[in-house]
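So this one's protein_5.txt, compact mmCIF, C-alpha atoms and all ligand atoms:
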```
# COMPACT_ATOMS: atom_id res chain seq x y z
CA MET A 7 0.00 0.00 0.00
CA LYS A 8 1.18 3.53 -0.72
CA VAL A 9 0.45 6.31 1.75
CA THR A 10 0.84 9.97 0.81
CA LYS A 11 0.44 12.72 3.39
CA VAL A 12 -1.16 15.88 2.06
CA LYS A 13 -0.41 18.96 4.16
CA SER A 14 -2.50 21.85 2.92
CA ALA A 15 -3.11 25.24 4.49
CA SER A 16 -6.37 24.19 6.13
CA ASN A 17 -5.84 20.50 6.87
CA SER A 18 -3.59 17.44 6.74
CA TYR A 19 -4.79 14.07 5.59
CA HIS A 20 -3.56 10.75 4.29
CA VAL A 21 -4.19 9.26 0.86
CA TYR A 22 -4.11 5.46 1.11
CA VAL A 23 -3.79 3.60 -2.20
CA GLY A 24 -3.90 -0.19 -2.11
CA GLU A 25 -5.63 -3.37 -3.16
CA ASN A 26 -8.73 -4.52 -1.29
CA ILE A 27 -8.41 -1.87 1.39
CA ARG A 28 -12.14 -1.20 1.07
CA CYS A 29 -12.72 -4.40 3.05
CA ASP A 30 -10.90 -3.00 6.07
CA LEU A 31 -12.40 0.44 6.25
CA ASN A 32 -12.36 0.61 10.09
CA SER A 33 -8.57 0.87 10.00
CA TYR A 34 -8.70 4.07 7.95
CA LEU A 35 -11.24 6.07 9.95
CA PRO A 36 -9.28 8.94 11.50
CA LYS A 37 -11.42 9.04 14.68
CA ASP A 38 -14.67 7.86 16.30
CA TYR A 39 -17.83 9.19 14.75
CA SER A 40 -21.42 9.28 16.07
CA SER A 41 -22.76 7.93 12.77
CA ILE A 42 -21.59 7.24 9.24
CA PHE A 43 -23.44 8.23 6.08
CA ILE A 44 -22.28 6.62 2.82
CA VAL A 45 -23.18 8.42 -0.40
CA THR A 46 -22.75 6.52 -3.64
CA ASP A 47 -24.29 6.17 -7.09
CA GLU A 48 -26.46 3.35 -8.43
CA ILE A 49 -23.71 1.64 -10.45
CA VAL A 50 -21.11 1.75 -7.69
CA ALA A 51 -23.75 0.65 -5.15
CA LYS A 52 -24.41 -2.53 -7.13
CA HIS A 53 -20.74 -3.46 -7.08
CA TYR A 54 -19.50 -2.30 -3.71
CA LEU A 55 -22.00 -0.81 -1.27
CA GLU A 56 -22.96 -3.92 0.69
CA GLU A 57 -19.40 -5.14 1.22
CA ILE A 58 -18.30 -1.70 2.31
CA LYS A 59 -21.16 -1.44 4.80
CA LYS A 60 -20.09 -4.82 6.17
CA SER A 61 -16.52 -3.60 6.55
CA ILE A 62 -17.59 -0.90 9.03
CA SER A 63 -18.28 -2.05 12.56
CA HIS A 64 -20.46 0.81 13.72
CA LYS A 65 -24.01 0.86 15.10
CA HIS A 66 -25.24 3.72 12.95
CA VAL A 67 -24.38 3.31 9.27
CA TYR A 68 -26.72 4.83 6.66
CA SER A 69 -26.53 5.13 2.91
CA SER A 70 -28.08 7.04 0.01
CA VAL A 71 -27.78 6.10 -3.63
CA ILE A 72 -27.93 8.85 -6.26
CA PRO A 73 -28.41 8.36 -10.03
CA TYR A 74 -25.08 7.85 -11.81
CA GLY A 75 -23.37 10.49 -13.91
CA GLU A 76 -22.75 14.20 -14.25
CA LYS A 77 -26.46 15.11 -14.20
CA SER A 78 -26.50 14.29 -10.49
CA LYS A 79 -24.08 17.08 -9.67
CA ASN A 80 -26.98 19.47 -9.21
CA VAL A 81 -28.85 21.40 -6.58
CA ASN A 82 -31.68 18.82 -6.31
CA THR A 83 -29.30 15.96 -5.44
CA PHE A 84 -27.46 18.26 -3.06
CA TYR A 85 -30.72 19.19 -1.29
CA GLN A 86 -32.00 15.60 -1.25
CA LEU A 87 -28.79 14.42 0.42
CA HIS A 88 -29.23 17.11 3.08
CA THR A 89 -32.79 15.87 3.63
CA ASP A 90 -31.49 12.30 3.94
CA ALA A 91 -28.85 13.43 6.42
CA ILE A 92 -31.51 15.15 8.55
CA GLU A 93 -33.80 12.11 8.41
CA PHE A 94 -30.96 9.75 9.36
CA GLY A 95 -30.29 12.01 12.37
CA LEU A 96 -26.73 12.98 11.44
CA ASP A 97 -25.09 15.38 13.88
CA ARG A 98 -21.86 17.36 13.86
CA GLN A 99 -19.86 14.31 14.98
CA SER A 100 -21.03 12.30 11.96
CA LEU A 101 -18.91 11.24 9.01
CA ILE A 102 -19.89 11.28 5.35
CA ILE A 103 -18.20 8.77 3.03
CA ALA A 104 -18.18 9.59 -0.69
CA LEU A 105 -17.99 6.19 -2.39
CA GLY A 106 -17.65 6.58 -6.16
CA GLY A 107 -16.16 8.68 -8.90
CA GLY A 108 -15.70 12.43 -9.11
CA VAL A 109 -19.42 13.13 -9.30
CA VAL A 110 -20.16 11.43 -5.97
CA GLY A 111 -17.00 12.92 -4.45
CA ASP A 112 -17.84 16.48 -5.54
CA VAL A 113 -21.50 16.45 -4.51
CA ALA A 114 -21.12 14.44 -1.27
CA GLY A 115 -18.10 16.56 -0.39
CA PHE A 116 -20.16 19.71 -0.86
CA VAL A 117 -22.91 18.25 1.34
CA ALA A 118 -20.25 17.52 3.99
CA ALA A 119 -18.96 21.09 3.66
CA THR A 120 -22.41 22.56 4.27
CA TYR A 121 -24.39 20.14 6.49
CA MET A 122 -24.58 21.85 9.89
CA ARG A 123 -21.81 24.12 8.54
CA GLY A 124 -19.49 21.20 7.99
CA VAL A 125 -18.90 17.58 9.02
CA ASP A 126 -15.93 15.32 8.27
CA PHE A 127 -15.88 13.36 5.04
CA ILE A 128 -13.78 10.63 3.52
CA GLN A 129 -13.22 10.16 -0.18
CA MET A 130 -13.37 6.56 -1.41
CA PRO A 131 -12.60 6.99 -5.12
CA THR A 132 -13.64 4.19 -7.47
CA THR A 133 -12.65 5.67 -10.85
CA ILE A 134 -9.25 6.45 -12.35
CA LEU A 135 -10.36 10.02 -12.83
CA ALA A 136 -11.08 10.33 -9.12
CA HIS A 137 -7.35 10.16 -8.29
CA ASP A 138 -7.62 13.85 -9.24
CA SER A 139 -11.01 14.73 -7.72
CA SER A 140 -10.50 12.97 -4.36
CA VAL A 141 -7.33 14.89 -3.50
CA GLY A 142 -7.28 18.63 -2.98
CA GLY A 143 -10.63 19.47 -1.46
CA LYS A 144 -12.46 21.05 -4.39
CA VAL A 145 -16.14 20.16 -3.84
CA ALA A 146 -18.98 21.48 -5.99
CA ILE A 147 -22.16 21.12 -7.96
CA ASN A 148 -22.83 22.49 -11.44
CA HIS A 149 -24.99 25.40 -12.50
CA GLU A 150 -26.85 24.96 -15.79
CA GLN A 151 -24.54 27.59 -17.27
CA GLY A 152 -21.24 26.40 -15.93
CA LYS A 153 -19.34 23.60 -14.27
CA ASN A 154 -18.66 23.64 -10.53
CA LEU A 155 -19.93 27.19 -10.15
CA ILE A 156 -21.39 26.42 -6.70
CA GLY A 157 -18.89 24.92 -4.30
CA ASN A 158 -16.08 25.32 -1.84
CA PHE A 159 -12.60 24.19 -0.86
CA TYR A 160 -13.19 21.54 1.80
CA PRO A 161 -10.46 18.93 2.24
CA PRO A 162 -11.38 15.36 3.16
CA ALA A 163 -10.35 13.75 6.46
CA ALA A 164 -8.79 10.90 4.44
CA VAL A 165 -8.74 9.34 0.97
CA VAL A 166 -9.11 5.54 0.85
CA TYR A 167 -8.44 4.42 -2.72
CA ASP A 168 -8.93 0.73 -3.37
CA VAL A 169 -7.49 0.21 -6.84
CA GLN A 170 -9.15 -3.21 -7.02
CA THR A 171 -12.45 -1.39 -7.66
CA LEU A 172 -11.04 -0.06 -10.96
CA GLN A 173 -11.36 -3.55 -12.43
CA THR A 174 -15.07 -2.98 -13.09
CA LEU A 175 -14.62 0.30 -15.04
CA ASN A 176 -15.61 0.33 -18.69
CA ASP A 177 -13.35 1.61 -21.50
CA LYS A 178 -14.96 5.03 -21.60
CA GLU A 179 -14.24 5.64 -17.93
CA ILE A 180 -10.66 4.36 -18.26
CA ARG A 181 -10.14 6.88 -21.08
CA SER A 182 -11.69 9.65 -19.05
CA GLY A 183 -9.33 9.09 -16.13
CA TYR A 184 -6.28 9.02 -18.38
CA ALA A 185 -7.06 12.48 -19.72
CA GLU A 186 -6.40 13.92 -16.25
CA LEU A 187 -3.19 11.87 -15.94
CA ILE A 188 -2.03 13.31 -19.27
CA LYS A 189 -2.86 16.78 -17.93
CA GLU A 190 -0.79 16.23 -14.77
CA ALA A 191 2.11 14.91 -16.85
CA LEU A 192 1.96 17.89 -19.23
CA ILE A 193 2.18 20.40 -16.41
CA GLN A 194 4.94 18.71 -14.45
CA ASP A 195 6.70 15.66 -15.85
CA ASP A 196 7.86 15.04 -19.42
CA ALA A 197 9.06 11.48 -18.71
CA PHE A 198 5.65 10.64 -17.26
CA PHE A 199 4.00 12.16 -20.34
CA GLN A 200 6.14 9.93 -22.60
CA SER A 201 5.26 6.86 -20.55
CA LEU A 202 1.55 7.67 -20.82
CA LEU A 203 1.84 8.09 -24.59
CA ALA A 204 3.46 4.65 -24.68
CA SER A 205 0.51 3.08 -22.83
CA ASP A 206 -2.22 1.18 -24.62
CA LEU A 207 -5.38 1.67 -22.58
CA SER A 208 -6.90 -1.58 -23.80
CA SER A 209 -4.14 -3.67 -22.24
CA LEU A 210 -3.11 -1.92 -19.03
CA THR A 211 -1.58 -4.12 -16.37
CA ASN A 212 -2.45 -3.56 -12.71
CA ASP A 213 1.11 -2.53 -11.95
CA VAL A 214 1.32 0.04 -14.73
CA LEU A 215 -2.04 1.49 -13.74
CA ALA A 216 -1.13 1.69 -10.04
CA ASN A 217 2.23 3.36 -10.81
CA GLN A 218 0.64 5.90 -13.13
CA LEU A 219 -2.12 6.67 -10.65
CA ASN A 220 0.40 7.14 -7.86
CA ARG A 221 2.45 9.53 -10.00
CA GLY A 222 -0.72 11.49 -10.79
CA ILE A 223 -1.58 11.69 -7.09
CA GLU A 224 1.96 12.84 -6.21
CA ILE A 225 1.74 15.67 -8.74
CA LYS A 226 -1.73 16.68 -7.61
CA ALA A 227 -0.79 16.56 -3.91
CA SER A 228 2.38 18.59 -4.39
CA ILE A 229 0.47 21.38 -6.13
CA VAL A 230 -2.38 21.43 -3.61
CA GLU A 231 0.09 21.58 -0.73
CA GLU A 232 1.62 24.68 -2.23
CA ASP A 233 -1.59 26.48 -3.15
CA GLU A 234 -4.80 24.99 -1.75
CA ARG A 235 -7.17 27.80 -2.76
CA GLU A 236 -5.87 28.36 -6.28
CA SER A 237 -4.33 31.77 -6.03
CA GLY A 238 -1.27 30.68 -7.99
CA VAL A 239 0.18 27.34 -9.12
CA ARG A 240 -3.04 25.38 -8.58
CA LYS A 241 -4.38 27.10 -11.69
CA TYR A 242 -2.05 24.82 -13.68
CA LEU A 243 -4.28 21.86 -12.75
CA ASN A 244 -6.90 23.58 -14.87
CA LEU A 245 -4.94 22.98 -18.09
CA GLY A 246 -7.47 21.95 -20.76
CA HIS A 247 -10.45 22.84 -18.59
CA THR A 248 -11.27 26.34 -19.86
CA LEU A 249 -12.51 24.88 -23.12
CA GLY A 250 -13.38 21.44 -21.68
CA HIS A 251 -15.81 22.83 -19.09
CA ALA A 252 -17.40 25.21 -21.61
CA LEU A 253 -18.04 22.29 -23.98
CA GLU A 254 -19.48 20.11 -21.20
CA SER A 255 -22.06 22.74 -20.31
CA ILE A 256 -22.94 23.48 -23.95
CA ILE A 257 -23.21 19.89 -25.15
CA GLY A 258 -25.08 18.89 -21.99
CA TYR A 259 -23.75 17.45 -18.75
CA GLY A 260 -22.89 13.77 -19.08
CA VAL A 261 -23.22 13.54 -22.87
CA ARG A 262 -19.44 13.10 -23.00
CA THR A 263 -17.29 12.39 -19.97
CA HIS A 264 -15.34 15.10 -18.19
CA GLY A 265 -12.08 13.49 -19.26
CA GLU A 266 -13.11 13.28 -22.90
CA MET A 267 -13.84 17.01 -22.91
CA VAL A 268 -10.61 17.78 -21.05
CA ALA A 269 -8.73 15.82 -23.74
CA ILE A 270 -10.11 18.16 -26.41
CA GLY A 271 -9.30 21.10 -24.13
CA LEU A 272 -5.71 19.87 -23.81
CA LEU A 273 -5.31 19.76 -27.60
CA PHE A 274 -6.68 23.30 -27.80
CA ALA A 275 -4.39 24.59 -25.03
CA ILE A 276 -1.40 23.04 -26.81
CA ARG A 277 -2.32 24.66 -30.15
CA VAL A 278 -2.87 28.05 -28.52
CA SER A 279 0.48 27.69 -26.69
CA GLU A 280 2.24 27.00 -30.00
CA LYS A 281 0.73 30.14 -31.50
CA VAL A 282 1.28 32.44 -28.53
CA PHE A 283 4.89 31.37 -27.91
CA SER A 284 5.85 30.47 -31.51
CA ILE A 285 6.97 27.01 -30.45
CA LYS A 286 6.32 23.40 -31.44
CA LEU A 287 4.72 21.09 -28.89
CA PRO A 288 3.74 17.39 -29.24
CA TYR A 289 0.21 18.12 -30.51
CA ASP A 290 0.43 15.44 -33.21
CA GLN A 291 1.71 12.79 -30.80
CA LEU A 292 -1.08 13.50 -28.34
CA LEU A 293 -3.73 13.55 -31.07
CA GLN A 294 -2.47 10.24 -32.41
CA TRP A 295 -2.57 8.66 -28.93
CA LEU A 296 -6.11 9.97 -28.38
CA ASN A 297 -7.15 8.53 -31.76
CA VAL A 298 -5.54 5.15 -31.10
CA ASN A 299 -7.29 4.97 -27.75
CA ALA A 300 -10.66 5.87 -29.27
CA PHE A 301 -11.21 9.23 -27.60
CA PRO A 302 -14.15 10.92 -29.32
CA ILE A 303 -12.67 14.11 -30.75
CA GLN A 304 -15.47 15.13 -33.10
CA LEU A 305 -17.57 18.20 -32.28
CA THR A 306 -20.64 19.14 -34.27
CA ASN A 307 -22.62 22.38 -34.51
CA ILE A 308 -20.42 24.29 -32.13
CA ASN A 309 -21.07 28.02 -32.00
CA LYS A 310 -17.79 29.84 -31.29
CA GLN A 311 -19.44 32.84 -29.68
CA GLN A 312 -21.37 30.58 -27.32
CA VAL A 313 -18.15 28.78 -26.42
CA LEU A 314 -16.47 32.11 -25.74
CA ASN A 315 -19.35 33.21 -23.50
CA ARG A 316 -19.20 29.97 -21.53
CA MET A 317 -15.41 30.18 -21.26
CA LYS A 318 -15.86 33.54 -19.56
CA LEU A 319 -17.64 31.72 -16.70
CA ASP A 320 -14.40 29.90 -15.96
CA LYS A 321 -13.23 30.62 -12.41
CA LYS A 322 -9.89 31.96 -13.63
CA THR A 323 -11.57 34.76 -15.57
CA VAL A 324 -10.75 38.27 -14.35
CA ASN A 325 -13.08 41.12 -15.30
CA THR A 326 -14.48 39.12 -18.23
CA THR A 327 -11.00 38.46 -19.67
CA ILE A 328 -10.24 34.78 -20.16
CA GLN A 329 -7.09 33.39 -18.56
CA MET A 330 -5.86 30.14 -20.10
CA VAL A 331 -3.26 27.78 -18.77
CA LEU A 332 -0.71 27.38 -21.58
CA LEU A 333 2.60 25.56 -21.92
CA LYS A 334 5.93 27.20 -22.75
CA ASP A 335 7.18 23.63 -22.98
CA ILE A 336 6.20 20.31 -21.43
CA ALA A 337 6.31 20.86 -17.64
CA GLN A 338 6.43 24.65 -18.06
CA PRO A 339 2.86 25.87 -17.52
CA VAL A 340 1.92 29.55 -17.41
CA VAL A 341 -1.35 31.45 -17.07
CA VAL A 342 -1.95 33.83 -19.96
CA GLU A 343 -4.66 36.41 -20.59
CA ILE A 344 -6.26 35.94 -24.03
CA SER A 345 -8.35 38.59 -25.77
CA ASP A 346 -11.80 37.66 -27.07
CA GLU A 347 -10.70 38.39 -30.63
CA ASP A 348 -7.66 36.11 -30.43
CA LEU A 349 -9.67 33.40 -28.75
CA LEU A 350 -12.33 33.43 -31.47
CA ASN A 351 -9.58 33.07 -34.09
CA TYR A 352 -7.92 30.22 -32.22
CA LEU A 353 -11.28 28.50 -31.78
CA ASP A 354 -12.08 28.90 -35.45
CA SER A 355 -8.90 27.23 -36.68
CA PHE A 356 -8.98 24.56 -33.95
CA LEU A 357 -12.56 23.51 -34.74
CA LYS A 358 -11.61 23.16 -38.42
CA GLU A 359 -8.58 21.09 -37.47
CA ILE A 360 -10.70 18.78 -35.32
CA GLU A 361 -13.10 18.33 -38.23
CA ASN A 362 -10.15 17.34 -40.48
CA ASN A 363 -9.01 14.80 -37.92
CA VAL A 364 -12.45 13.21 -37.95
CA ASN A 365 -12.45 13.09 -41.75
CA LEU A 366 -9.03 11.45 -41.65
CA ARG A 367 -10.24 8.90 -39.12
CA MET A 368 -13.29 8.11 -41.22
CA GLY A 369 -11.10 7.68 -44.29
CA GLU A 370 -8.91 5.08 -42.58
N1 LIG B 401 -12.91 18.08 -7.29
C1 LIG B 401 -11.95 17.99 -8.19
O1 LIG B 401 -10.80 18.41 -7.97
C2 LIG B 401 -12.22 17.33 -9.49
C3 LIG B 401 -11.16 16.91 -10.30
C4 LIG B 401 -11.46 16.26 -11.50
C5 LIG B 401 -12.78 16.04 -11.86
N2 LIG B 401 -13.76 16.45 -11.03
C6 LIG B 401 -15.15 16.14 -11.37
O2 LIG B 401 -15.28 14.72 -11.36
C7 LIG B 401 -16.38 14.37 -12.20
C8 LIG B 401 -15.99 13.22 -13.09
O3 LIG B 401 -15.60 12.13 -12.28
P1 LIG B 401 -15.73 10.64 -12.82
O4 LIG B 401 -15.21 10.54 -14.19
O5 LIG B 401 -15.19 9.75 -11.78
O6 LIG B 401 -17.30 10.52 -12.99
P2 LIG B 401 -18.45 9.67 -12.28
O7 LIG B 401 -18.38 9.81 -10.82
O8 LIG B 401 -19.71 10.03 -12.98
O9 LIG B 401 -18.06 8.17 -12.65
C9 LIG B 401 -18.07 7.78 -13.99
C10 LIG B 401 -18.98 6.57 -14.22
O10 LIG B 401 -18.33 5.41 -13.73
C11 LIG B 401 -19.20 4.68 -12.86
N3 LIG B 401 -18.32 4.05 -11.89
C12 LIG B 401 -17.69 4.63 -10.86
N4 LIG B 401 -16.89 3.74 -10.26
C13 LIG B 401 -17.03 2.57 -10.90
C14 LIG B 401 -16.44 1.29 -10.75
N5 LIG B 401 -15.50 1.05 -9.86
N6 LIG B 401 -16.85 0.30 -11.57
C15 LIG B 401 -17.80 0.54 -12.55
N7 LIG B 401 -18.36 1.75 -12.75
C16 LIG B 401 -17.98 2.75 -11.93
C17 LIG B 401 -20.14 5.71 -12.30
O11 LIG B 401 -21.34 5.10 -11.87
C18 LIG B 401 -20.33 6.63 -13.51
O12 LIG B 401 -21.31 6.10 -14.34
C19 LIG B 401 -16.75 15.61 -12.98
O13 LIG B 401 -17.92 16.15 -12.44
C20 LIG B 401 -15.59 16.54 -12.74
O14 LIG B 401 -15.98 17.88 -12.81
C21 LIG B 401 -13.53 17.08 -9.87
O1 LIG B 402 -7.82 20.46 -8.54
C1 LIG B 402 -7.87 21.39 -9.34
O2 LIG B 402 -7.56 22.53 -9.02
C2 LIG B 402 -8.35 21.18 -10.70
O3 LIG B 402 -8.51 22.12 -11.45
C3 LIG B 402 -8.62 19.76 -11.12
C4 LIG B 402 -9.56 19.64 -12.29
O4 LIG B 402 -9.25 18.41 -12.95
C5 LIG B 402 -11.03 19.51 -11.88
O5 LIG B 402 -11.82 19.20 -12.99
C6 LIG B 402 -11.60 20.68 -11.10
O6 LIG B 402 -12.86 20.33 -10.58
C7 LIG B 402 -11.79 21.91 -11.93
O7 LIG B 402 -12.00 22.94 -11.08
P1 LIG B 402 -12.72 24.31 -11.45
O8 LIG B 402 -12.27 25.20 -10.35
O9 LIG B 402 -12.25 24.73 -12.80
O10 LIG B 402 -14.17 24.03 -11.41
ZN ZN B 403 -10.80 17.89 -14.35
```

Now, as a test, write the supplied structure out as structure tokens.
Amino acid sequence: MKVTKVKSASNSYHVYVGENIRCDLNSYLPKDYSSIFIVTDEIVAKHYLEEIKKSISHKHVYSSVIPYGEKSKNVNTFYQLHTDAIEFGLDRQSLIIALGGGVVGDVAGFVAATYMRGVDFIQMPTTILAHDSSVGGKVAINHEQGKNLIGNFYPPAAVVYDVQTLQTLNDKEIRSGYAELIKEALIQDDAFFQSLLASDLSSLTNDVLANQLNRGIEIKASIVEEDERESGVRKYLNLGHTLGHALESIIGYGVRTHGEMVAIGLLFAIRVSEKVFSIKLPYDQLLQWLNVNAFPIQLTNINKQQVLNRMKLDKKTVNTTIQMVLLKDIAQPVVVEISDEDLLNYLDSFLKEIENNVNLRMGE
């Protein structure tokens, strides 16, 4: 098992990564709690809820199951979980466990941050993507107009990551998680980026996956320790998200996965970087890897002005001017202000390029 200690400005907690550790949950609870409330989604519940309940020896264990997917990251689910917490009789000494992917982690974490002004919560990630969402304390729900617009920074009391649960993920969710690993590699570690590009997602071994996840967690933890509330370097973790989030909200939450949209956002950020800094970056290599691993890159009927308007709702925006994370090189991220006019031009040529890629793929 690998244990990483995350020491942020507001809290310190451990990230435990290991096989089958879900079956020994008692050992990872940081203290005694009056009751335990597990929040999960319907798919994860089918696989893991009962065995996890059995692994907790506590008199008062409750659970709520939300519908799966991004559509659940909304104010109705948030409110319903508060109602459940009240009905189960949770008090300030209670613990919430977020058992699932980033959606469960974000919404249950935000419930924990707000129920009675805050109770402890533990992240139990079950997706590859959630190596990113479970560490760092960003918790949120979506607004119809923009991703994660309603939320807080609220670090977990612990992260208990049983990598055995990743065995039941489908290909789409494996892809989605790897987009965030690629992002972490691009902002901090060229060798890691090369190793990811050499990985075939259809034949990952457990060891390779565990090593890559652990490297992703190390990068994430190091950045969060330095800048928990995103006043500086944490912005780099948003590489690819300015466009990715805008597309998610325009296309409709859950139509494509978060990671699939971030992958397109990464390509865009790389192209803009090449133009702004007059440099050459490995756009073609990344595009080829995304194609080989069946990432859906096509975008249809995208209105550039609408994308621009949604990009302005990004949390890095200052006085309506968009700030994008760009790369001066691999592992050299910077935050750069981009004018609306430039952005519309970049979007125009990028959307055409994406269309060409799809035509090429169809011609294969
Ligand atoms: N807070 C953060 O720092 C942060 C970071 C990255 C992403 N996010 C957020 O995370 C969300 C995406 O997370 P996600 O990709 O994990 O989505 P998700 O939670 O919707 O999970 C993806 C799908 O996989 C299923 N699933 C989960 N675990 C499974 C398992 N072990 N076996 C089989 N199926 C399983 C789920 O039911 C769901 O259908 C987005 O909302 C994104 O904004 C937050
Ligand atoms: O931890 C961070 O900081 C990130 O930006 C990680 C992102 O992968 C994640 O999607 C995050 O939720 C985006 O945050 P937001 O502040 O842009 O909503
Ligand atoms: Zn993300």

Can you work out which residues are within 7 Å of ligand LIG 402 (chain B), considering all atoms listed in the file, and then hand them over as a short mmCIF file (atom, residue, chain, number, x, y, z; two decimals) with C-alpha atoms, keeping the file's coordinate frame?
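Heads up, here's the output in out_17.cif:
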```cif
data_model
loop_
_atom_site.label_atom_id
_atom_site.label_comp_id
_atom_site.auth_asym_id
_atom_site.auth_seq_id
_atom_site.Cartn_x
_atom_site.Cartn_y
_atom_site.Cartn_z
CA ASP A 138 -7.62 13.85 -9.24
CA SER A 139 -11.01 14.73 -7.72
CA GLY A 142 -7.28 18.63 -2.98
CA LYS A 144 -12.46 21.05 -4.39
CA LYS A 153 -19.34 23.60 -14.27
CA ASN A 154 -18.66 23.64 -10.53
CA LEU A 155 -19.93 27.19 -10.15
CA GLU A 186 -6.40 13.92 -16.25
CA GLU A 236 -5.87 28.36 -6.28
CA ARG A 240 -3.04 25.38 -8.58
CA LYS A 241 -4.38 27.10 -11.69
CA LEU A 243 -4.28 21.86 -12.75
CA ASN A 244 -6.90 23.58 -14.87
CA HIS A 247 -10.45 22.84 -18.59
CA ASP A 320 -14.40 29.90 -15.96
CA LYS A 321 -13.23 30.62 -12.41
#
```

Excluding Leu305 (chain A) and residues on its chain fewer than 2 positions from it, collect all residues at most 8 Å away from it, counting only C-alpha atoms, and give them as a tab-separated table (two decimals) with C-alpha atoms, in the frame of the given file.
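What follows is the written file part.tsv:
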```tsv
chain	number	residue	atom	x	y	z
A	303	ILE	CA	-12.67	14.11	-30.75
A	307	ASN	CA	-22.62	22.38	-34.51
A	308	ILE	CA	-20.42	24.29	-32.13
A	357	LEU	CA	-12.56	23.51	-34.74
A	360	ILE	CA	-10.70	18.78	-35.32
A	361	GLU	CA	-13.10	18.33	-38.23
```

With a cut-off of 6 Å, could you pull out the residues of chain A touching ligand LIG 401 (chain B) and give me the nearest pair of atoms for each, distance in Å to one decimal, using all atoms listed in the file, ordered by chain and ascending number, as CSV?
```
residue,atom,partner,partner_atom,distance
A:Asp47,CA,B:LIG401,O11,5.7
A:Ile49,CA,B:LIG401,O11,4.4
A:Val50,CA,B:LIG401,C13,5.3
A:Tyr74,CA,B:LIG401,O11,4.6
A:Gly75,CA,B:LIG401,O8,3.8
A:Glu76,CA,B:LIG401,O8,5.3
A:Gly106,CA,B:LIG401,N4,5.0
A:Gly107,CA,B:LIG401,O7,3.1
A:Gly108,CA,B:LIG401,O3,3.2
A:Val109,CA,B:LIG401,O7,3.8
A:Val110,CA,B:LIG401,O7,5.4
A:Asp112,CA,B:LIG401,N1,5.5
A:Thr132,CA,B:LIG401,N4,4.3
A:Thr133,CA,B:LIG401,N4,4.7
A:Leu135,CA,B:LIG401,O5,5.0
A:Ala136,CA,B:LIG401,O5,4.9
A:Asp138,CA,B:LIG401,C3,4.8
A:Ser139,CA,B:LIG401,C2,3.4
A:Lys144,CA,B:LIG401,N1,4.2
A:Val145,CA,B:LIG401,N1,5.2
A:Thr171,CA,B:LIG401,N5,4.5
A:Leu172,CA,B:LIG401,N5,4.7
A:Thr174,CA,B:LIG401,N6,4.0
A:Leu175,CA,B:LIG401,C15,4.0
A:Glu179,CA,B:LIG401,O10,5.9
A:His264,CA,B:LIG401,C19,5.4
```

Practice task
Please write as number ranges by chain the list of polymer residues whose atoms come within 7 Å of (-2.9, 26.5, -22.9), counting only C-alpha atoms and keeping to the coordinates of the file.
Solution key: A: 245-246, 274-276, 278-279, 330-333

Exercise for the section: Find the residues near region 15-24 of chain A: any atom within 8 Å, counting all atoms listed in the file, skip ones fewer than 6 places away on the same chain, and give them as a PyMOL selection string. Expected result: chain A and resi 7-9+141+161-170+220+231+233-234

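You will find CA of Gln86 (chain A) at 9.5 Å from CA of Ser70 (chain A).
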
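Compared by their closest atoms to Leu319 (chain A), and using all atoms listed in the file, the residues A:Ser69, A:Gln129, A:Asn26, A:Ser255 rank with A:Ser255 nearest.
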
Handout entry: Surrounding residues of Asp354 (chain A) excluding itself and chain neighbours under 2 positions, 12 Å, all atoms listed in the file, as a PyMOL selection string
Key = chain A and resi 274+277-278+308-311+313-314+347-352+356-361

Problem - Contacts of Leu210 (chain A) within 12 Å, all atoms listed in the file, excl. fewer than 4 positions in-chain, as a list in words - result: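 Near Leu210 (chain A), the qualifying residues are Leu172, Gln173, Asp177, Ile180, Arg181, Tyr184, Leu202, Ala204, Ser205, Asp206, Val214, Leu215, Ala216, Asn217, Gln218 and Asn299 of chain A.
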
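Distance annotation: of A:Gly95, A:Gly183, A:Gly258, A:Gly152, the residue with the minimal separation from ligand ZN 403 (chain B) is A:Gly183; atom set is all atoms listed in the file.
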
Handout entry: Pick from A:Leu207, A:Ala114, A:Ala146, A:Val268, whichever lies nearest to ligand ZN 403 (chain B) using only C-alpha atoms and all ligand atoms
Key =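 With only C-alpha atoms and all ligand atoms as the atom set, the closest residue is A:Val268.
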
Handout entry: Long-range neighbours of Val81 (chain A) as a list in words, 10 Å cut-off, only C-alpha atoms, 5 positions minimum in chain
Key = Gln86, Leu87, Val113, Ala146, Ile147, Asn148, His149 and Ile156 of chain A

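The shortest atom-to-atom distance to ligand ZN 403 (chain B), with all atoms listed in the file taken into account, belongs to A:Glu190 out of A:Glu57, A:Asp346, A:Glu190, A:Asp335.
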
Handout entry: Interatomic distance, CA of Phe198 (chain A) to CA of Gly260 (chain A) (Å, one decimal)
Key =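 Separating CA of Phe198 (chain A) from CA of Gly260 (chain A) is a distance of 28.8 Å.
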
Completion exercise
Computed gap from CA of Leu192 (chain A) to CA of Ala337 (chain A) is 5.5 Å

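Residue nearest Leu203 (chain A) within the list A:Val12, A:Ala119, A:Val298, A:Ile270: A:Val298 [criterion: smallest interatomic distance, all atoms listed in the file].
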
Problem - Counting all atoms listed in the file, the option among A:Tyr242, A:Tyr289, A:Tyr85, A:Trp295 closest to ligand ZN 403 (chain B) - result: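 Selected residue with least distance to ligand ZN 403 (chain B): A:Tyr242.
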